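Down below is the structure, laid out as structure tokens.
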Amino acid sequence: MNDWMGEDESQEIHKGLEGIYFTESKICKVDGQGGRLYYRGYPIEALALKSSFEEVCYLLLYGKLPNKPELNNFISGMKGERSLPKEVINLIKETSGRAHAMDIARTAISILPAYDKNAYDASEEANMGKAVKLISKLASIVAAIGSSSRGRYTAPDNSLSHAENFLYMLTGKKPDKEKARLLDTMLILHAEHSSNASTFSSLVTGSTLADLYASVTAGMATLKGPLHGGADEAALKMMKEIGEPENTERYINEALNGKARIMGFGHRVYKTYDPRAKIIKAELELLQNDASKEVSNLTRIALTAEQLMVEKLGKTKGIWPNIDFFAGPVYTWIGIAPELFTPLFAASRVPGWCAHIIEYWRSNRLLRPLERYTGQVDLEYIEIEDRE
Ligand code: ACO
């Protein structure tokens with residue numbers, strides 16, 4: 001037997017593909033040093049303040065802000081795709097509570113080609129149509145998973161905006177305007193973020209020329225992990241464990257002394273404050289004195305933990321809050337249960353995934369990196385009877 005010696009010995013390994021550029025894109029700029037984020041050139045702060053999720057979806061997919069007729073037409077298209085096939089509603093009813101909501105949402109998305117006559121049409125026009133379907137239906141799927149705990153599916157209401165309709169389908173009640181506005185902002189903030197793990201994963205699948213549904217399903221599978229989209233649920237769990245604001249300092253110190261990671265902090269690209277976290281923090285500060293003790297406690301815990309972490313890790317090691325840290329208390333105020341956080345993240349990110357996959361297909365190249373083999377070669381095959 002021999003160890004493998006070959007040309008790959010001399011190649012540098014980029015663990016986690018850190019620092020590797022694999023394509024060009026015009027969709028999103030993440031400035032990790034300056035703490036700035038742009039969708040198609042527009043600063044995230046302006047979009048969060050002035051735009052709507054529907055408009056941001058158009059911007060990401062088509063590369064420009066729509067004029068009024070274009071936006072109205074796009075919104076009508078989205079509304080036309082809100083309803084779910086009865087088999088998907090049944091799948092959700094049958095499986096709710098038996099698996100994580102993210103697993104149910106991913107499975108529901110992966111069966112949608114059965115209800116789309118253009119599912120395997122690879123033209124860009126057909127893919128734009130599929131993107132609209134995916135954006136609308138994933139929100140309905142997540143709302144249906146949430147409402148199944150009430151035992152009832154609520155059909156969509158096309159007089160409502162995307163965010164309002166999500167809350168309506170979730171709760172069965174006409175939504176509070178302020179909660180729908182904040183949800184719309186959260187959807188915008190999560191809509192896109194360059195070549196993050198789930199977008200990359202969806203591109204790997206898309207690069208094999210698998211269809212858009214398969215590629216988005218791959219993105220959803222990747223988003224689930226606590227190092228990525230699952231961090232908001234994990235961060236809220238920690239805040240609930242802390243329980244009371246005065247316990248925060250002790251909890252954070254013990255966690256850091258025990259070398260634990262605080263979910264919702266740190267980022268592969270941002271080495272400064274995540275601009276999306278700043279926007280959510282400003283919203284959260286308004287909830288400190290909320291009438292609900294749960295919301296005001298969670299808010300105070302989040303704000304105290306953030307101050308401590310900024311002092312201990314931000315200024316020294318460049319580990320700052322990311323988008324996921326403040327999301328939990330905000331979603332709790334809106335009335336969204338923790339198990340829906342990650343599927344809701346997926347429902348926000350689906351325009352970003354679709355925009356990237358469609359852009360990549362214009363000059364597709366199979367994504368296939370290399371690994372350095374450190375095992376042996378030319379081993380002698382031993383018959384099973386002769387093995388120890
Ligand atoms: N809490 C405490 N320490 C941390 C944290 C954290 N959240 N994140 C990183 N560190 C420390 C590491 O322990 C390491 O310390 P060391 O150098 O003493 O060993 C150092 O910071 C660098 O950490 P890496 O893991 O090398 O950083 P990387 O860029 O690979 O990781 C990641 C980024 C995965 C996001 C990481 O910061 C983390 O695990 N954060 C918690 C999970 C999270 O919030 N994920 C959401 C990211 S945003 C999103 O996906 C939407």
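FYI, nothing fancy with the structure tokens labels: chains A, B, ... in order, residues from 1 per chain, ligands from 1 as they appear.
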Open item on the list: For ligand 1, return the neighbouring residues as a VMD selection string (distance at most 8 Å; only C-alpha atoms and all ligand atoms).
Closed with: chain A and resid 16 190 196 to 197 223 226 to 232 235 256 259 to 269 313 317 to 319 321 to 325
Atoms kept (N, CA, C and O atoms) for selection, written as a tab-separated table (two decimals), in the first residue's frame:
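The new file again12.tsv reads:
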```
chain	number	residue	atom	x	y	z
A	16	GLY	N	-13.82	25.65	3.84
A	16	GLY	CA	-15.10	26.37	3.78
A	16	GLY	C	-15.19	27.27	2.56
A	16	GLY	O	-16.03	28.17	2.52
A	190	HIS	N	-34.41	39.99	4.64
A	190	HIS	CA	-33.94	38.61	4.45
A	190	HIS	C	-33.94	38.18	2.98
A	190	HIS	O	-33.61	37.04	2.68
A	196	ASN	N	-24.28	33.31	-0.05
A	196	ASN	CA	-24.32	32.63	1.25
A	196	ASN	C	-24.51	31.13	1.03
A	196	ASN	O	-24.77	30.68	-0.09
A	197	ALA	N	-24.45	30.35	2.12
A	197	ALA	CA	-24.43	28.89	1.99
A	197	ALA	C	-25.65	28.35	1.22
A	197	ALA	O	-25.52	27.50	0.34
A	223	LEU	N	-30.45	25.98	4.27
A	223	LEU	CA	-30.80	27.09	5.18
A	223	LEU	C	-31.13	26.60	6.59
A	223	LEU	O	-31.02	27.34	7.56
A	226	PRO	N	-28.26	25.51	12.10
A	226	PRO	CA	-28.11	26.60	13.06
A	226	PRO	C	-26.94	27.54	12.77
A	226	PRO	O	-26.90	28.63	13.32
A	227	LEU	N	-26.00	27.13	11.91
A	227	LEU	CA	-24.94	28.08	11.55
A	227	LEU	C	-25.41	29.04	10.46
A	227	LEU	O	-24.72	29.97	10.09
A	228	HIS	N	-26.61	28.80	9.93
A	228	HIS	CA	-27.13	29.66	8.85
A	228	HIS	C	-28.53	30.14	9.27
A	228	HIS	O	-28.66	30.87	10.25
A	229	GLY	N	-29.58	29.70	8.59
A	229	GLY	CA	-30.92	30.25	8.85
A	229	GLY	C	-31.54	29.81	10.15
A	229	GLY	O	-32.49	30.44	10.63
A	230	GLY	N	-31.02	28.72	10.73
A	230	GLY	CA	-31.60	28.24	11.99
A	230	GLY	C	-31.15	29.05	13.20
A	230	GLY	O	-31.60	28.80	14.32
A	231	ALA	N	-30.26	30.04	12.98
A	231	ALA	CA	-29.70	30.77	14.12
A	231	ALA	C	-30.74	31.62	14.84
A	231	ALA	O	-30.65	31.83	16.05
A	232	ASP	N	-31.76	32.11	14.13
A	232	ASP	CA	-32.74	32.99	14.81
A	232	ASP	C	-33.56	32.20	15.83
A	232	ASP	O	-33.82	32.67	16.94
A	235	ALA	N	-31.26	31.54	18.73
A	235	ALA	CA	-31.02	32.74	19.55
A	235	ALA	C	-32.22	33.00	20.46
A	235	ALA	O	-32.06	33.34	21.64
A	256	LEU	N	-19.63	32.17	27.35
A	256	LEU	CA	-18.35	32.49	26.70
A	256	LEU	C	-17.19	31.80	27.42
A	256	LEU	O	-16.26	31.32	26.76
A	259	LYS	N	-16.72	28.50	26.20
A	259	LYS	CA	-16.40	28.49	24.76
A	259	LYS	C	-17.62	28.20	23.87
A	259	LYS	O	-17.49	27.67	22.76
A	260	ALA	N	-18.82	28.48	24.38
A	260	ALA	CA	-20.02	28.25	23.56
A	260	ALA	C	-20.16	29.38	22.54
A	260	ALA	O	-19.68	30.49	22.76
A	261	ARG	N	-20.80	29.08	21.43
A	261	ARG	CA	-21.11	30.12	20.44
A	261	ARG	C	-22.44	30.74	20.79
A	261	ARG	O	-23.39	30.04	21.12
A	262	ILE	N	-22.52	32.04	20.71
A	262	ILE	CA	-23.79	32.72	20.95
A	262	ILE	C	-24.46	32.88	19.58
A	262	ILE	O	-23.94	33.58	18.70
A	263	MET	N	-25.58	32.21	19.42
A	263	MET	CA	-26.25	32.23	18.12
A	263	MET	C	-26.75	33.64	17.80
A	263	MET	O	-27.24	34.34	18.68
A	264	GLY	N	-26.60	34.03	16.52
A	264	GLY	CA	-27.00	35.38	16.13
A	264	GLY	C	-25.83	36.36	16.18
A	264	GLY	O	-26.01	37.55	15.94
A	265	PHE	N	-24.62	35.83	16.44
A	265	PHE	CA	-23.41	36.67	16.41
A	265	PHE	C	-22.39	36.06	15.46
A	265	PHE	O	-22.30	34.84	15.35
A	266	GLY	N	-21.61	36.92	14.83
A	266	GLY	CA	-20.55	36.46	13.94
A	266	GLY	C	-21.07	36.29	12.53
A	266	GLY	O	-22.27	36.06	12.31
A	267	HIS	N	-20.18	36.43	11.59
A	267	HIS	CA	-20.56	36.29	10.18
A	267	HIS	C	-19.31	36.05	9.36
A	267	HIS	O	-18.27	36.62	9.66
A	268	ARG	N	-19.44	35.22	8.34
A	268	ARG	CA	-18.27	34.94	7.49
A	268	ARG	C	-17.83	36.18	6.73
A	268	ARG	O	-16.63	36.38	6.49
A	269	VAL	N	-18.75	37.05	6.37
A	269	VAL	CA	-18.37	38.21	5.54
A	269	VAL	C	-18.33	39.51	6.36
A	269	VAL	O	-17.38	40.28	6.27
A	313	LEU	N	-16.76	40.80	22.41
A	313	LEU	CA	-16.30	40.16	21.18
A	313	LEU	C	-16.30	41.09	19.96
A	313	LEU	O	-15.50	40.89	19.07
A	317	LYS	N	-12.75	40.97	18.75
A	317	LYS	CA	-12.55	39.90	17.75
A	317	LYS	C	-13.35	40.11	16.47
A	317	LYS	O	-13.33	39.26	15.59
A	318	GLY	N	-14.05	41.22	16.39
A	318	GLY	CA	-14.84	41.46	15.16
A	318	GLY	C	-16.05	40.57	15.04
A	318	GLY	O	-16.51	40.28	13.94
A	319	ILE	N	-16.61	40.12	16.18
A	319	ILE	CA	-17.83	39.30	16.13
A	319	ILE	C	-19.00	40.16	16.59
A	319	ILE	O	-19.11	40.51	17.76
A	321	PRO	N	-23.35	41.39	16.09
A	321	PRO	CA	-24.66	40.77	15.86
A	321	PRO	C	-24.94	40.63	14.36
A	321	PRO	O	-24.58	41.51	13.58
A	322	ASN	N	-25.54	39.52	13.99
A	322	ASN	CA	-25.99	39.38	12.60
A	322	ASN	C	-27.52	39.48	12.56
A	322	ASN	O	-28.17	39.61	13.61
A	323	ILE	N	-28.09	39.37	11.41
A	323	ILE	CA	-29.53	39.58	11.22
A	323	ILE	C	-30.38	38.69	12.12
A	323	ILE	O	-31.48	39.05	12.52
A	324	ASP	N	-29.84	37.52	12.48
A	324	ASP	CA	-30.66	36.55	13.21
A	324	ASP	C	-30.82	36.87	14.69
A	324	ASP	O	-31.68	36.31	15.34
A	325	PHE	N	-29.98	37.74	15.23
A	325	PHE	CA	-30.01	37.90	16.69
A	325	PHE	C	-31.29	38.57	17.18
A	325	PHE	O	-31.91	38.13	18.15
```
Open item on the list: At a cut-off of 10 Å, using only C-alpha atoms, what residues contact A:Ser348? Leave out same-chain residues fewer than 4 positions from it and give the result as a list of chain:residue names.
Closed with: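 Listing them by chain and then by number gives A:Phe53, A:Cys57, A:Ile135, A:Leu138, A:Ala139, A:Asp184, A:Met186, A:Leu187, A:Ile188, A:Leu189, A:His190, A:Ala191, A:Glu192, A:Thr342, A:Pro343, A:Leu344, A:Gly352, A:Trp353.
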Take the residues just selected and output them with all heavy atoms as a CSV table (one decimal), in the first residue's frame.
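Okay, result_37.csv is ready:
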```
chain,number,residue,atom,x,y,z
A,53,PHE,N,-42.0,44.3,0.0
A,53,PHE,CA,-41.4,43.0,-0.4
A,53,PHE,C,-41.7,42.7,-1.9
A,53,PHE,O,-40.8,42.2,-2.6
A,53,PHE,CB,-41.9,41.9,0.5
A,53,PHE,CG,-41.4,40.5,0.2
A,53,PHE,CD1,-40.0,40.2,0.4
A,53,PHE,CD2,-42.2,39.5,-0.3
A,53,PHE,CE1,-39.5,39.0,0.1
A,53,PHE,CE2,-41.6,38.2,-0.6
A,53,PHE,CZ,-40.3,38.0,-0.4
A,57,CYS,N,-38.9,41.9,-4.7
A,57,CYS,CA,-38.8,40.7,-5.5
A,57,CYS,C,-38.7,41.0,-7.0
A,57,CYS,O,-37.8,40.4,-7.7
A,57,CYS,CB,-40.1,39.9,-5.3
A,57,CYS,SG,-40.3,39.1,-3.7
A,135,ILE,N,-42.3,32.1,-4.8
A,135,ILE,CA,-42.4,33.1,-3.8
A,135,ILE,C,-43.8,33.1,-3.1
A,135,ILE,O,-43.9,33.2,-1.9
A,135,ILE,CB,-42.1,34.5,-4.4
A,135,ILE,CG1,-40.6,34.6,-4.9
A,135,ILE,CG2,-42.3,35.6,-3.4
A,135,ILE,CD1,-40.4,35.8,-5.9
A,138,LEU,N,-44.6,29.5,-1.3
A,138,LEU,CA,-43.8,29.2,-0.1
A,138,LEU,C,-44.4,30.0,1.1
A,138,LEU,O,-44.5,29.4,2.2
A,138,LEU,CB,-42.3,29.5,-0.3
A,138,LEU,CG,-41.4,29.1,0.9
A,138,LEU,CD1,-41.7,27.6,1.4
A,138,LEU,CD2,-40.0,29.1,0.5
A,139,ALA,N,-44.8,31.2,0.9
A,139,ALA,CA,-45.4,32.0,2.0
A,139,ALA,C,-46.7,31.3,2.4
A,139,ALA,O,-47.0,31.2,3.7
A,139,ALA,CB,-45.7,33.4,1.6
A,184,ASP,N,-43.2,43.0,6.7
A,184,ASP,CA,-42.8,43.3,5.3
A,184,ASP,C,-41.3,43.8,5.4
A,184,ASP,O,-40.5,43.3,4.5
A,184,ASP,CB,-43.7,44.5,4.8
A,184,ASP,CG,-43.5,44.7,3.3
A,184,ASP,OD1,-43.7,43.7,2.6
A,184,ASP,OD2,-43.0,45.8,2.9
A,186,MET,N,-39.1,42.8,7.6
A,186,MET,CA,-38.3,41.6,7.8
A,186,MET,C,-38.1,40.8,6.5
A,186,MET,O,-37.0,40.3,6.3
A,186,MET,CB,-38.9,40.7,8.9
A,186,MET,CG,-39.0,41.4,10.3
A,186,MET,SD,-37.4,41.8,11.0
A,186,MET,CE,-37.0,40.2,11.7
A,187,LEU,N,-39.2,40.7,5.8
A,187,LEU,CA,-39.1,40.0,4.5
A,187,LEU,C,-38.0,40.6,3.6
A,187,LEU,O,-37.2,40.0,2.9
A,187,LEU,CB,-40.4,39.9,3.8
A,187,LEU,CG,-41.6,39.2,4.5
A,187,LEU,CD1,-42.9,39.4,3.8
A,187,LEU,CD2,-41.3,37.7,4.6
A,188,ILE,N,-38.1,42.0,3.5
A,188,ILE,CA,-37.1,42.7,2.7
A,188,ILE,C,-35.7,42.5,3.1
A,188,ILE,O,-34.8,42.2,2.3
A,188,ILE,CB,-37.4,44.2,2.7
A,188,ILE,CG1,-38.8,44.5,2.0
A,188,ILE,CG2,-36.3,45.0,2.0
A,188,ILE,CD1,-39.3,45.9,2.1
A,189,LEU,N,-35.5,42.5,4.4
A,189,LEU,CA,-34.1,42.4,5.0
A,189,LEU,C,-33.5,41.0,4.7
A,189,LEU,O,-32.3,40.8,4.6
A,189,LEU,CB,-34.1,42.7,6.5
A,189,LEU,CG,-34.5,44.1,6.9
A,189,LEU,CD1,-34.4,44.2,8.4
A,189,LEU,CD2,-33.5,45.1,6.3
A,190,HIS,N,-34.4,40.0,4.6
A,190,HIS,CA,-33.9,38.6,4.5
A,190,HIS,C,-33.9,38.2,3.0
A,190,HIS,O,-33.6,37.0,2.7
A,190,HIS,CB,-34.8,37.6,5.2
A,190,HIS,CG,-34.6,37.6,6.7
A,190,HIS,ND1,-35.2,38.5,7.6
A,190,HIS,CD2,-33.8,36.9,7.5
A,190,HIS,CE1,-34.9,38.3,8.8
A,190,HIS,NE2,-34.0,37.3,8.8
A,191,ALA,N,-34.3,39.1,2.1
A,191,ALA,CA,-34.7,38.6,0.7
A,191,ALA,C,-33.4,38.2,-0.1
A,191,ALA,O,-33.5,37.3,-1.0
A,191,ALA,CB,-35.4,39.7,-0.1
A,192,GLU,N,-32.2,38.7,0.3
A,192,GLU,CA,-31.1,38.4,-0.6
A,192,GLU,C,-29.8,38.6,0.2
A,192,GLU,O,-29.8,39.5,1.0
A,192,GLU,CB,-31.2,39.2,-1.9
A,192,GLU,CG,-29.9,39.4,-2.7
A,192,GLU,CD,-29.3,38.1,-3.1
A,192,GLU,OE1,-29.9,37.0,-3.1
A,192,GLU,OE2,-28.1,38.1,-3.5
A,342,THR,N,-37.4,29.8,10.7
A,342,THR,CA,-36.5,29.4,9.5
A,342,THR,C,-37.3,29.2,8.2
A,342,THR,O,-36.9,29.7,7.2
A,342,THR,CB,-35.7,28.2,9.9
A,342,THR,OG1,-35.2,28.3,11.2
A,342,THR,CG2,-34.5,28.0,9.0
A,343,PRO,N,-38.5,28.5,8.3
A,343,PRO,CA,-39.3,28.5,7.0
A,343,PRO,C,-39.7,29.9,6.5
A,343,PRO,O,-39.7,30.2,5.3
A,343,PRO,CB,-40.5,27.7,7.4
A,343,PRO,CG,-40.3,27.1,8.7
A,343,PRO,CD,-39.0,27.6,9.3
A,344,LEU,N,-39.9,30.8,7.5
A,344,LEU,CA,-40.2,32.2,7.1
A,344,LEU,C,-39.0,32.8,6.4
A,344,LEU,O,-39.1,33.6,5.5
A,344,LEU,CB,-40.8,33.0,8.3
A,344,LEU,CG,-41.2,34.4,8.0
A,344,LEU,CD1,-42.3,34.4,6.9
A,344,LEU,CD2,-41.6,35.1,9.3
A,352,GLY,N,-34.2,35.8,-3.8
A,352,GLY,CA,-32.8,35.9,-3.9
A,352,GLY,C,-32.3,34.6,-4.6
A,352,GLY,O,-31.5,34.6,-5.5
A,353,TRP,N,-32.7,33.4,-4.1
A,353,TRP,CA,-32.3,32.2,-4.7
A,353,TRP,C,-32.6,32.1,-6.1
A,353,TRP,O,-31.8,31.8,-7.0
A,353,TRP,CB,-32.9,31.0,-4.0
A,353,TRP,CG,-32.5,30.7,-2.6
A,353,TRP,CD1,-31.3,30.9,-2.0
A,353,TRP,CD2,-33.3,30.1,-1.5
A,353,TRP,NE1,-31.2,30.5,-0.7
A,353,TRP,CE2,-32.4,30.0,-0.4
A,353,TRP,CE3,-34.6,29.6,-1.4
A,353,TRP,CZ2,-32.9,29.5,0.8
A,353,TRP,CZ3,-35.0,29.1,-0.2
A,353,TRP,CH2,-34.2,29.0,0.9
```
- [ ] Would you mind listing what lies within 10 Å of A:Leu367 as a VMD selection string, with only C-alpha atoms counted and same-chain residues fewer than 5 positions away left out?
- [x] chain A and resid 22 200 to 201 203 to 208
TODO: Pick out each residue of stretch 284-322 of chain A that DSSP on the backbone tags as alpha helix (DSSP H); I need them as a list of chain:residue names.
DONE: A:Leu284, A:Glu285, A:Lys293, A:Glu294, A:Val295, A:Ser296, A:Asn297, A:Leu298, A:Thr299, A:Arg300, A:Ile301, A:Ala302, A:Leu303, A:Thr304, A:Ala305, A:Glu306, A:Gln307, A:Leu308, A:Met309, A:Lys315, A:Thr316, A:Lys317
TODO: Might you pull out every residue within 9 Å of A:Lys281, with only C-alpha atoms counted and same-chain residues fewer than 6 positions away left off, and present them as a ChimeraX atom specification?
DONE: /A:303,326-327
